file protein_39.cif (mmCIF, N, CA and C atoms)
data_input
loop_
_atom_site.label_atom_id
_atom_site.label_comp_id
_atom_site.auth_asym_id
_atom_site.auth_seq_id
_atom_site.Cartn_x
_atom_site.Cartn_y
_atom_site.Cartn_z
N MET A 1 -2.32 49.35 -0.62
CA MET A 1 -2.05 50.36 0.39
C MET A 1 -3.34 50.76 1.10
N LYS A 2 -4.43 50.92 0.34
CA LYS A 2 -5.70 51.31 0.94
C LYS A 2 -6.18 50.25 1.93
N MET A 3 -6.05 48.98 1.56
CA MET A 3 -6.46 47.89 2.43
C MET A 3 -5.62 47.86 3.70
N LYS A 4 -4.33 48.08 3.56
CA LYS A 4 -3.42 48.06 4.71
C LYS A 4 -3.79 49.18 5.68
N LEU A 5 -4.12 50.36 5.17
CA LEU A 5 -4.49 51.49 6.00
C LEU A 5 -5.80 51.23 6.73
N SER A 6 -6.82 50.66 6.04
CA SER A 6 -8.08 50.38 6.71
C SER A 6 -7.91 49.34 7.80
N GLY A 7 -7.11 48.31 7.53
CA GLY A 7 -6.86 47.30 8.55
C GLY A 7 -6.18 47.89 9.77
N LEU A 8 -5.25 48.79 9.53
CA LEU A 8 -4.56 49.46 10.63
C LEU A 8 -5.54 50.32 11.43
N MET A 9 -6.44 51.00 10.74
CA MET A 9 -7.43 51.83 11.44
C MET A 9 -8.39 50.98 12.27
N ILE A 10 -8.79 49.84 11.75
CA ILE A 10 -9.66 48.94 12.50
C ILE A 10 -8.94 48.41 13.73
N PHE A 11 -7.69 48.00 13.55
CA PHE A 11 -6.89 47.52 14.67
C PHE A 11 -6.77 48.59 15.75
N ALA A 12 -6.48 49.82 15.34
CA ALA A 12 -6.33 50.92 16.29
C ALA A 12 -7.65 51.18 17.03
N ALA A 13 -8.75 51.14 16.30
CA ALA A 13 -10.06 51.36 16.94
C ALA A 13 -10.36 50.27 17.96
N LEU A 14 -10.08 49.02 17.62
CA LEU A 14 -10.30 47.93 18.56
C LEU A 14 -9.40 48.03 19.76
N LEU A 15 -8.16 48.40 19.54
CA LEU A 15 -7.20 48.54 20.63
C LEU A 15 -7.63 49.66 21.57
N LEU A 16 -7.97 50.81 21.01
CA LEU A 16 -8.37 51.94 21.83
C LEU A 16 -9.72 51.71 22.49
N GLY A 17 -10.61 51.05 21.79
CA GLY A 17 -11.94 50.80 22.32
C GLY A 17 -12.02 49.59 23.22
N GLY A 18 -10.97 48.82 23.26
CA GLY A 18 -10.97 47.64 24.12
C GLY A 18 -11.99 46.60 23.67
N CYS A 19 -12.28 46.58 22.40
CA CYS A 19 -13.25 45.63 21.83
C CYS A 19 -14.61 45.78 22.49
N GLY A 20 -14.94 46.98 22.95
CA GLY A 20 -16.25 47.23 23.52
C GLY A 20 -16.36 46.98 25.01
N LYS A 21 -15.32 46.49 25.65
CA LYS A 21 -15.38 46.21 27.08
C LYS A 21 -14.43 47.14 27.81
N GLN A 22 -14.94 47.73 28.88
CA GLN A 22 -14.11 48.60 29.72
C GLN A 22 -13.88 47.91 31.05
N THR A 23 -12.70 48.09 31.58
CA THR A 23 -12.46 47.62 32.93
C THR A 23 -13.03 48.66 33.89
N ALA A 24 -13.18 48.28 35.13
CA ALA A 24 -13.68 49.23 36.13
C ALA A 24 -12.74 50.42 36.26
N ALA A 25 -11.44 50.16 36.17
CA ALA A 25 -10.46 51.26 36.28
C ALA A 25 -10.57 52.22 35.10
N GLN A 26 -10.78 51.68 33.90
CA GLN A 26 -10.94 52.55 32.73
C GLN A 26 -12.20 53.39 32.85
N ARG A 27 -13.30 52.76 33.28
CA ARG A 27 -14.55 53.49 33.44
C ARG A 27 -14.38 54.57 34.51
N ASP A 28 -13.74 54.23 35.60
CA ASP A 28 -13.54 55.18 36.69
C ASP A 28 -12.74 56.38 36.21
N ALA A 29 -11.70 56.15 35.44
CA ALA A 29 -10.87 57.24 34.94
C ALA A 29 -11.65 58.15 34.00
N LEU A 30 -12.46 57.56 33.13
CA LEU A 30 -13.26 58.36 32.20
C LEU A 30 -14.36 59.14 32.91
N GLU A 31 -15.02 58.48 33.83
CA GLU A 31 -16.15 59.09 34.52
C GLU A 31 -15.72 60.12 35.56
N ASN A 32 -14.53 59.97 36.11
CA ASN A 32 -14.07 60.83 37.20
C ASN A 32 -14.14 62.31 36.84
N ALA A 33 -13.98 62.63 35.58
CA ALA A 33 -13.99 64.03 35.16
C ALA A 33 -15.39 64.60 35.06
N LYS A 34 -16.41 63.78 35.09
CA LYS A 34 -17.79 64.25 34.92
C LYS A 34 -18.35 64.78 36.24
N PRO A 35 -19.10 65.89 36.17
CA PRO A 35 -19.71 66.43 37.39
C PRO A 35 -20.64 65.41 38.05
N GLY A 36 -20.54 65.27 39.34
CA GLY A 36 -21.40 64.39 40.10
C GLY A 36 -20.88 62.98 40.27
N TYR A 37 -19.85 62.62 39.54
CA TYR A 37 -19.37 61.23 39.59
C TYR A 37 -18.90 60.83 40.99
N GLN A 38 -18.14 61.69 41.64
CA GLN A 38 -17.64 61.32 42.97
C GLN A 38 -18.77 61.13 43.97
N VAL A 39 -19.82 61.93 43.84
CA VAL A 39 -20.98 61.77 44.73
C VAL A 39 -21.67 60.44 44.43
N VAL A 40 -21.87 60.15 43.15
CA VAL A 40 -22.48 58.89 42.75
C VAL A 40 -21.65 57.72 43.28
N LYS A 41 -20.37 57.79 43.07
CA LYS A 41 -19.48 56.70 43.49
C LYS A 41 -19.55 56.50 45.01
N SER A 42 -19.53 57.58 45.76
CA SER A 42 -19.50 57.44 47.22
C SER A 42 -20.79 56.84 47.77
N TYR A 43 -21.94 57.14 47.16
CA TYR A 43 -23.20 56.61 47.69
C TYR A 43 -23.60 55.28 47.07
N CYS A 44 -23.57 55.20 45.76
CA CYS A 44 -24.07 53.99 45.09
C CYS A 44 -23.21 52.77 45.37
N SER A 45 -21.91 52.98 45.49
CA SER A 45 -21.01 51.84 45.69
C SER A 45 -21.04 51.31 47.12
N GLN A 46 -21.84 51.89 47.98
CA GLN A 46 -21.98 51.34 49.32
C GLN A 46 -22.61 49.94 49.29
N CYS A 47 -23.43 49.72 48.26
CA CYS A 47 -24.17 48.46 48.19
C CYS A 47 -23.96 47.66 46.91
N HIS A 48 -23.60 48.32 45.82
CA HIS A 48 -23.49 47.61 44.54
C HIS A 48 -22.56 48.36 43.60
N SER A 49 -22.24 47.74 42.47
CA SER A 49 -21.42 48.42 41.47
C SER A 49 -22.22 49.57 40.86
N LEU A 50 -21.52 50.50 40.27
CA LEU A 50 -22.18 51.68 39.73
C LEU A 50 -23.02 51.34 38.51
N PRO A 51 -24.26 51.81 38.50
CA PRO A 51 -25.09 51.60 37.31
C PRO A 51 -24.69 52.57 36.20
N PHE A 52 -25.07 52.25 34.99
CA PHE A 52 -24.87 53.15 33.86
C PHE A 52 -26.10 54.04 33.75
N GLY A 53 -25.91 55.26 33.27
CA GLY A 53 -27.01 56.20 33.13
C GLY A 53 -28.11 55.71 32.22
N ASP A 54 -27.76 54.91 31.21
CA ASP A 54 -28.78 54.43 30.28
C ASP A 54 -29.50 53.18 30.78
N GLN A 55 -29.23 52.81 32.02
CA GLN A 55 -29.92 51.67 32.61
C GLN A 55 -31.41 51.96 32.80
N HIS A 56 -31.74 53.24 32.97
CA HIS A 56 -33.13 53.69 33.12
C HIS A 56 -33.32 54.93 32.26
N PRO A 57 -34.55 55.20 31.84
CA PRO A 57 -34.81 56.46 31.12
C PRO A 57 -34.52 57.64 32.04
N ALA A 58 -34.13 58.76 31.47
CA ALA A 58 -33.78 59.95 32.27
C ALA A 58 -34.88 60.33 33.24
N ALA A 59 -36.11 60.25 32.81
CA ALA A 59 -37.24 60.65 33.67
C ALA A 59 -37.44 59.71 34.86
N ALA A 60 -36.89 58.51 34.79
CA ALA A 60 -37.07 57.54 35.88
C ALA A 60 -36.06 57.70 37.00
N TRP A 61 -34.96 58.41 36.74
CA TRP A 61 -33.90 58.48 37.74
C TRP A 61 -34.31 59.10 39.07
N PRO A 62 -35.17 60.13 39.13
CA PRO A 62 -35.58 60.62 40.46
C PRO A 62 -36.24 59.52 41.30
N TYR A 63 -37.11 58.72 40.67
CA TYR A 63 -37.74 57.62 41.38
C TYR A 63 -36.72 56.57 41.80
N VAL A 64 -35.82 56.20 40.91
CA VAL A 64 -34.81 55.19 41.20
C VAL A 64 -33.94 55.64 42.39
N VAL A 65 -33.51 56.89 42.36
CA VAL A 65 -32.67 57.40 43.44
C VAL A 65 -33.45 57.41 44.76
N SER A 66 -34.72 57.79 44.70
CA SER A 66 -35.55 57.79 45.91
C SER A 66 -35.69 56.36 46.47
N ARG A 67 -35.92 55.40 45.58
CA ARG A 67 -36.03 54.00 45.99
C ARG A 67 -34.73 53.52 46.62
N MET A 68 -33.60 53.89 46.03
CA MET A 68 -32.29 53.48 46.56
C MET A 68 -32.03 54.13 47.93
N GLU A 69 -32.51 55.36 48.10
CA GLU A 69 -32.36 56.01 49.41
C GLU A 69 -33.09 55.22 50.49
N GLY A 70 -34.25 54.69 50.14
CA GLY A 70 -34.98 53.84 51.09
C GLY A 70 -34.18 52.61 51.46
N HIS A 71 -33.53 51.99 50.47
CA HIS A 71 -32.69 50.83 50.74
C HIS A 71 -31.50 51.21 51.62
N MET A 72 -30.91 52.39 51.35
CA MET A 72 -29.77 52.85 52.15
C MET A 72 -30.19 53.04 53.61
N GLN A 73 -31.35 53.68 53.81
CA GLN A 73 -31.83 53.90 55.17
C GLN A 73 -32.07 52.57 55.89
N SER A 74 -32.70 51.63 55.21
CA SER A 74 -32.97 50.31 55.81
C SER A 74 -31.69 49.58 56.19
N ALA A 75 -30.65 49.79 55.40
CA ALA A 75 -29.37 49.11 55.65
C ALA A 75 -28.44 49.94 56.54
N HIS A 76 -28.94 51.06 57.03
CA HIS A 76 -28.15 51.95 57.89
C HIS A 76 -26.89 52.45 57.19
N LYS A 77 -27.03 52.78 55.92
CA LYS A 77 -25.94 53.34 55.12
C LYS A 77 -26.09 54.85 55.07
N LEU A 78 -25.05 55.52 54.60
CA LEU A 78 -25.12 56.97 54.42
C LEU A 78 -26.11 57.30 53.31
N VAL A 79 -26.91 58.33 53.54
CA VAL A 79 -27.92 58.77 52.57
C VAL A 79 -27.53 60.18 52.10
N PRO A 80 -27.64 60.45 50.80
CA PRO A 80 -27.25 61.78 50.31
C PRO A 80 -28.17 62.88 50.84
N ASN A 81 -27.58 64.06 51.03
CA ASN A 81 -28.39 65.22 51.39
C ASN A 81 -29.09 65.73 50.12
N PRO A 82 -29.99 66.69 50.22
CA PRO A 82 -30.74 67.13 49.04
C PRO A 82 -29.88 67.61 47.86
N SER A 83 -28.79 68.34 48.12
CA SER A 83 -27.96 68.80 47.00
C SER A 83 -27.18 67.64 46.37
N GLU A 84 -26.75 66.68 47.20
CA GLU A 84 -26.07 65.49 46.67
C GLU A 84 -27.05 64.64 45.86
N ARG A 85 -28.26 64.55 46.34
CA ARG A 85 -29.31 63.79 45.63
C ARG A 85 -29.52 64.38 44.24
N GLU A 86 -29.60 65.69 44.15
CA GLU A 86 -29.79 66.35 42.85
C GLU A 86 -28.58 66.12 41.94
N ALA A 87 -27.38 66.12 42.51
CA ALA A 87 -26.16 65.86 41.72
C ALA A 87 -26.17 64.43 41.18
N ILE A 88 -26.65 63.49 41.99
CA ILE A 88 -26.73 62.09 41.55
C ILE A 88 -27.72 61.95 40.40
N ILE A 89 -28.88 62.54 40.56
CA ILE A 89 -29.91 62.47 39.51
C ILE A 89 -29.40 63.13 38.23
N ALA A 90 -28.79 64.30 38.36
CA ALA A 90 -28.28 65.00 37.18
C ALA A 90 -27.19 64.20 36.47
N TYR A 91 -26.34 63.55 37.25
CA TYR A 91 -25.28 62.73 36.66
C TYR A 91 -25.90 61.61 35.81
N PHE A 92 -26.83 60.87 36.38
CA PHE A 92 -27.42 59.76 35.64
C PHE A 92 -28.26 60.22 34.46
N GLN A 93 -28.93 61.34 34.61
CA GLN A 93 -29.74 61.84 33.49
C GLN A 93 -28.88 62.33 32.33
N SER A 94 -27.65 62.72 32.61
CA SER A 94 -26.78 63.22 31.55
C SER A 94 -25.92 62.14 30.93
N ASN A 95 -25.98 60.94 31.42
CA ASN A 95 -25.13 59.84 30.90
C ASN A 95 -25.94 58.82 30.20
#
call {"tool": "encode", "arguments": {"input": "protein_39.cif", "output": "structure tokens"}}
result
Amino acid sequence: MKMKLSGLMIFAALLLGGCGKQTAAQRDALENAKPGYQVVKSYCSQCHSLPFGDQHPAAAWPYVVSRMEGHMQSAHKLVPNPSEREAIIAYFQSN
């Protein structure tokens, strides 16, 4: 009985966790509830898929966002205003 229960728990964890892989729709649904996500999505997805917050150390995100703003300007894309910029940085630093 103990073995059967552990196997069932492992199966449930894999099923719920998707074996470690999330689809874009699953990620979008989970992230949508987080503050700043919609701002991040509207600006970052103009040129590429959304990065994960752990892609850079928290302290690096202000520089990364500034660098991306330069790319947006060069490509004639929308650039975040100062409050949106802070929301983007805060979102990535908290994820």
call {"tool": "resolve_selection", "arguments": {"input": "protein_39.cif", "expression": "the PyMOL selection byres (((chain A and resi 88 and name CA) around 12) and name CA)", "output": "ChimeraX atom specification"}}
result
/A:34-44,50-53,58,61-66,68-69,79-87,89-95
call {"tool": "atom_distance", "arguments": {"input": "protein_39.cif", "atom1": "atom N of A:Gly70", "atom2": "atom CA of A:Ala33"}}
result
26.9 Å
call {"tool": "closest_residue", "arguments": {"input": "protein_39.cif", "among": "A:Leu30, A:Ala60, A:Met72, A:Ala25", "to": "A:His48", "atoms": "only C-alpha atoms"}}
result
A:Met72
call {"tool": "atom_distance", "arguments": {"input": "protein_39.cif", "atom1": "atom N of A:Gln22", "atom2": "atom N of A:His56"}}
result
18.1 Å
call {"tool": "atom_distance", "arguments": {"input": "protein_39.cif", "atom1": "atom CA of A:Asp28", "atom2": "atom CA of A:Gln55"}}
result
17.2 Å
call {"tool": "axis_aligned_box", "arguments": {"input": "protein_39.cif", "around": "stretch 52-57 of chain A", "padding_each_side": "3 Å", "output": "AutoDock Vina command-line options"}}
result
--center_x -29.8 --center_y 54.7 --center_z 32.6 --size_x 15.9 --size_y 12.0 --size_z 10.7
